[in-house]
Each structure stands twice: as C-alpha cells, then as structure tokens.
Amino acid sequence: MPGLSVWYVRTALVYLALGLTFGMLMLWHKGMPIHPALWALLPAHIEFLLLGWTLRIGLRRRLWILPRFRTKTGQCAAGLAGLCAAQRRHLAGHARSVAGQAGEVGTWGASSEGFAVIAFALHAWPRIQPPAHRRRPWDRRHLCRHSRLVLAATDGGVPGTTRALRIAPLRASAMSWPIQWDSRGVLAVWCIMTALPSAVLIPKRARP
Amino acid sequence: MPPLTRLFIKTALVYLALALLAGLARSLPPSEALPAFFAYLTPVYFHLFMAGWVLQLIIGVGYWMFPKHTREQPRGNEALAWAAYGLLNAGLALRVVAEPLHSLQPHPAWGWALAVSAVLQWLGGMAFVANAWPRIKEH
C-alpha cells in the first residue's frame with residue numbers, strides 16, 4: 001500500500017473511532033440522560049463520520065482503483081502533490097468541528113475542505129479514461145510512440161482538431177439542465193454511485 | 001471473497017432496502033391510518049443508511065482487500081472480525097426497534113435498550129478498527 005494511502009486509511013480509522021465514540025455518548029444520553037451538553041457533539045459526529053471516514057475511504061479507493069498512468073512520471077509530482085494537499089486541507093478542515101461552526105475558524109475549515117476536494121478532483125480527472133484500445137487519438141498522449149502508431153493505424157480516427165466540434169455541444173446541453181439537489185440527495189447519490197461500481201470492479205481486479 | 005465479507009455485503013444490501021423503506025415511510029403525509037412511530041423514523045432512516053449500508057459495505061470490502069497482516073493470519077484476528085459483525089448488527093437492530101418506540105412513549109426499558117445499543121455499536125466499530133489497524137502498512 002503506498003505511503004499516502006496508509007496515511008489516508010489510518011486517519012480515516014481515527015475519525016471512525018472518534019465519530020463512533022461521539023455517537024455512542026449521544027445515543028446513551030438519548031436513552032439514559034447524562035448531560036445535555038453532549039448534544040453539542042452532533043456536528044462533530046456527522047462531520048467525522050461523513051467527511052472524515054466515508055469520504056476519506058472513498059477517496060483512498062478512488063486513488064487505488066482509477067486507471068493508472070502508464071509511465072511513472074504520469075503518477076507524478078502534480079498528482080501526489082494534489083493528494084497531499086487534499087490530505088492536509090482535509091485535516092485542517094476538521095478544526096471546524098472541534099472549534100464550532102461559527103467564526104473565522106469555521107470559515108477557514110470549510111474552505112480548506114473545499115480546496116481539498118478540488119485538489120483531489122484535479123488529480124483524478126486525467127485518470128478517468130476508457131481502456132487504451134478505445135481511446136481517441138487525442139487521449140493517447142500518455143502511450144509510447146509504438147502503441148500510438150498501432151492504434152492510429154487500426155483506428156483511423158480523426159485528428160484532434162475535430163474534438164472541440166464534437167464535445168462542445170454535449171457540454172453545452174449538459175450544463176443547461178437545471179438540477180437542484182438537496183444535500184441529502186447528493187450524499188445518497190454519491191454513496192450509491194461510488195459503492196456499487198466498486199462492488200462490481202473489485203472482484204474483476206482480484207481475478208488471477 | 002471470504003465468507004465474512006459476503007455476509008457483510010449481503011447484510012448491507014438488506015439494510016439498504018430497509019433504509020429506503022424507512023425513507024418512504026417517513027415521507028408519507030401524516031394520517032391516522034399510519035402507525036404513530038412513522039413520525040419518528042428520521043434517525044432510524046439515517047442510521048440504517050449510513051451505519052447499516054455504507055459502513056458495513058466499507059468494512060466488508062476492507063476486511064477482504066486490506067493488506068495481509070501475517071501469513072498465519074492474513075486477515076487479522078478472525079474472532080475479532082466476527083465479533084465486529086455481531087456487535088454492530090445487534091446494536092443496530094436494537095436501535096431500529098428501541099429508538100422510535102422511546103421517542104413515542106418514553107420508558108426506562110426503551111432507554112436502557114438505547115444505551116445498550118449504543119455500547120454494542122461502539123464495540124463493533126472498535127473491534128473493526130482494532131483488527132484493521134495492523135493491516136494498514138506499506139509494502
């Protein structure tokens with residue numbers, strides 16, 4: 001397991017332990033009252049388990065399971081720097097839960113979490129691609145010269161100058177659809193869309 | 001896929017279905033024909049979804065895919081892993097029953113049931129963390 005993944009998962013386990021502890025205290029208090037101040041742990045409970053555990057484990061799984069660059073330089077400083085930045089900012093962002101939602105710390109924490117997600121998205125974006133034999137000529141930059149020549153000979157695809165003409169209308173139509181999501185709906189869709197494909201992909205990758 | 005992973009994932013799928021049913025029940029407009037506890041299903045819905053579906057799916061796949069612990073015990077302490085499954089599900093099942101009933105008609109029995117459920121779920125989670133931690137290592 002790469003070093004960065006080790007840090008991701010260990011941090012996620014710590015957040016899981018803390019989140020479960022806060023939840024246990026609140027549920028005990030709900031049944032057999034201990035102290036009313038325990039309800040103040042609710043935002044931390046939600047934040048630690050949703051963002052600290054679930055999102056972090058999901059990011060680590062994306063880090064592992066997304067297609068990899070063919071060359072070592074492709075899995076490069078830019079990508080790892082993005083992940084490291086995401087890790088640091090994510091940890092910094094959780095200060096919001098400890099210090100409370102309001103004030104400068106809360107704003108700084110929330111913006112840090114946002115930058116963390118953006119950093120991870122920038123890292124993961126180029127890794128989201130179809131298998132090599134189905135890629136268009138402009139997507140084959142990472143392949144060696146021989147592979148590109150073979151694929152170009154068999155593919156007969158149009159050079160990249162027509163890419164903008166093909167993709168722009170699709171992007172414009174997608175962006176024009178007004179979609180309004182409740183935050184719970186976003187979370188539910190994210191959880192299901194990341195969990196179910198993983199359940200399909202993981203057994204395939206594990207085959208000898 | 002090890003048996004415990006299969007059990008975790010199948011149980012998670014059952015909880016997903018129950019969570020969606022609970023979500024449907026709580027979204028129905030209030031009516032005298034519906035049971036009174038439908039109005040108190042919100043925390044049950046969230047925890048069936050997050051603790052029952054998401055958490056157990058992650059635990060099941062993590063138990064399978066995390067790096068090997070040792071050659072003799074590639075997946076760590078099997079008894080601890082089975083204990084995590086039993087404790088987590090016992091606590092969650094108890095919570096699903098006790099929480100809406102306690103909200104509807106507070107009673108010491110339901111209160112203690114909630115406290116026991118809290119401890120069971122916590123112990124199940126800690127058992128998983130204790131079993132998984134030594135497996136998280138670099139090659």
# chains A, B, ... in the order shown; residues from 1 in each chain; ligands from 1
$ select_by_dssp --residues "region 66-95 of chain B" --states "alpha helix (DSSP H)" --output "list in words"
Glu78, Ala79, Leu80, Ala81, Trp82, Ala83, Ala84, Tyr85, Gly86, Leu87, Leu88, Asn89, Ala90, Gly91, Leu92, Ala93, Leu94 and Arg95 of chain B
$ residues_around --residues "region 120-133 of chain B" --least-positions-apart "5" --cutoff "7 Å" --atoms "only C-alpha atoms" --output "MDAnalysis selection string"
(chainID A and resid 13 17 20:21 24) or (chainID B and resid 76:77 80:81 83:85 87:88 90:92)
$ write_last_selection --atoms "N, CA and C atoms" --output "PDB file, in the first residue's frame"
ATOM      1  N   LEU A  13      -9.530   5.752   9.937  1.00  0.00           N
ATOM      2  CA  LEU A  13      -9.867   4.900  11.085  1.00  0.00           C
ATOM      3  C   LEU A  13      -9.942   5.709  12.379  1.00  0.00           C
ATOM      4  N   ALA A  17     -13.254   6.017  14.743  1.00  0.00           N
ATOM      5  CA  ALA A  17     -13.280   5.761  16.187  1.00  0.00           C
ATOM      6  C   ALA A  17     -13.855   6.962  16.941  1.00  0.00           C
ATOM      7  N   LEU A  20     -17.678   7.375  16.125  1.00  0.00           N
ATOM      8  CA  LEU A  20     -18.483   6.363  16.812  1.00  0.00           C
ATOM      9  C   LEU A  20     -18.571   6.660  18.303  1.00  0.00           C
ATOM     10  N   THR A  21     -17.487   7.146  18.887  1.00  0.00           N
ATOM     11  CA  THR A  21     -17.497   7.470  20.322  1.00  0.00           C
ATOM     12  C   THR A  21     -18.488   8.594  20.610  1.00  0.00           C
ATOM     13  N   MET A  24     -21.959   7.176  20.309  1.00  0.00           N
ATOM     14  CA  MET A  24     -22.330   6.347  21.443  1.00  0.00           C
ATOM     15  C   MET A  24     -22.765   7.222  22.627  1.00  0.00           C
TER      16      MET A  24
ATOM     17  N   GLY B  76      -5.989 -10.855   9.926  1.00  0.00           N
ATOM     18  CA  GLY B  76      -6.004 -10.482  11.336  1.00  0.00           C
ATOM     19  C   GLY B  76      -6.753 -11.510  12.166  1.00  0.00           C
ATOM     20  N   ASN B  77      -7.249 -11.052  13.294  1.00  0.00           N
ATOM     21  CA  ASN B  77      -7.947 -11.927  14.225  1.00  0.00           C
ATOM     22  C   ASN B  77      -9.365 -12.189  13.720  1.00  0.00           C
ATOM     23  N   LEU B  80     -12.182 -11.531  16.217  1.00  0.00           N
ATOM     24  CA  LEU B  80     -12.473 -10.104  16.382  1.00  0.00           C
ATOM     25  C   LEU B  80     -13.321  -9.588  15.223  1.00  0.00           C
ATOM     26  N   ALA B  81     -13.037 -10.065  14.030  1.00  0.00           N
ATOM     27  CA  ALA B  81     -13.799  -9.637  12.861  1.00  0.00           C
ATOM     28  C   ALA B  81     -15.248 -10.117  12.954  1.00  0.00           C
ATOM     29  N   ALA B  83     -16.777 -10.810  15.714  1.00  0.00           N
ATOM     30  CA  ALA B  83     -17.376 -10.049  16.820  1.00  0.00           C
ATOM     31  C   ALA B  83     -17.831  -8.676  16.331  1.00  0.00           C
ATOM     32  N   ALA B  84     -17.044  -8.056  15.457  1.00  0.00           N
ATOM     33  CA  ALA B  84     -17.431  -6.751  14.913  1.00  0.00           C
ATOM     34  C   ALA B  84     -18.764  -6.865  14.189  1.00  0.00           C
ATOM     35  N   TYR B  85     -18.915  -7.929  13.378  1.00  0.00           N
ATOM     36  CA  TYR B  85     -20.170  -8.121  12.646  1.00  0.00           C
ATOM     37  C   TYR B  85     -21.341  -8.295  13.602  1.00  0.00           C
ATOM     38  N   LEU B  87     -21.660  -7.583  16.893  1.00  0.00           N
ATOM     39  CA  LEU B  87     -21.945  -6.444  17.773  1.00  0.00           C
ATOM     40  C   LEU B  87     -22.604  -5.303  16.997  1.00  0.00           C
ATOM     41  N   LEU B  88     -22.064  -5.011  15.824  1.00  0.00           N
ATOM     42  CA  LEU B  88     -22.605  -3.902  15.036  1.00  0.00           C
ATOM     43  C   LEU B  88     -24.065  -4.166  14.657  1.00  0.00           C
ATOM     44  N   ALA B  90     -26.202  -6.355  16.020  1.00  0.00           N
ATOM     45  CA  ALA B  90     -27.074  -6.444  17.191  1.00  0.00           C
ATOM     46  C   ALA B  90     -27.440  -5.041  17.686  1.00  0.00           C
ATOM     47  N   GLY B  91     -26.446  -4.176  17.752  1.00  0.00           N
ATOM     48  CA  GLY B  91     -26.700  -2.813  18.203  1.00  0.00           C
ATOM     49  C   GLY B  91     -27.631  -2.062  17.266  1.00  0.00           C
ATOM     50  N   LEU B  92     -27.420  -2.243  15.972  1.00  0.00           N
ATOM     51  CA  LEU B  92     -28.237  -1.522  15.007  1.00  0.00           C
ATOM     52  C   LEU B  92     -29.675  -2.024  15.023  1.00  0.00           C
TER      53      LEU B  92
END
$ closest_atom_pairs --of "chain A" --to "chain B" --cutoff "6 Å" --atoms "only C-alpha atoms" --output "tab-separated table"
residue	atom	partner	partner_atom	distance
A:Met1	CA	B:Glu138	CA	4.7
A:Pro2	CA	B:Glu138	CA	5.8
A:Gly3	CA	B:Glu138	CA	6.0
A:Val6	CA	B:Ile136	CA	5.9
A:Leu20	CA	B:Trp122	CA	5.9
A:Met24	CA	B:Ala118	CA	4.7
A:Leu27	CA	B:Ala118	CA	5.8
A:Trp28	CA	B:Ala115	CA	4.2
A:Gly31	CA	B:Gly111	CA	3.7
A:Met32	CA	B:Gly111	CA	5.5
$ atom_distance --atom1 "CA of Asn89 (chain B)" --atom2 "CA of Gly52 (chain B)"
7.8 Å
$ residues_around --residues "His45 (chain A)" --least-positions-apart "3" --cutoff "7 Å" --atoms "only C-alpha atoms" --output "PyMOL selection string"
chain A and resi 19+22-23+41-42+48-49
$ residues_around --residues "Thr11 (chain A)" --least-positions-apart "4" --cutoff "12 Å" --atoms "only C-alpha atoms" --output "list in words"
Leu4, Ser5, Val6, Trp7, Tyr15, Leu16, Ala17, Leu18, Phe48, Leu49, Leu51, Gly52, Trp53, Thr54, Leu55, Arg56, Ile57, Arg60, Gln87, Arg88, His90, Leu91 and His94 of chain A; Val129, Trp133 and Ile136 of chain B
$ atom_distance --atom1 "CA of Val97 (chain B)" --atom2 "CA of Arg26 (chain B)"
15.2 Å
$ atom_distance --atom1 "CA of His47 (chain B)" --atom2 "CA of Ala19 (chain B)"
8.1 Å
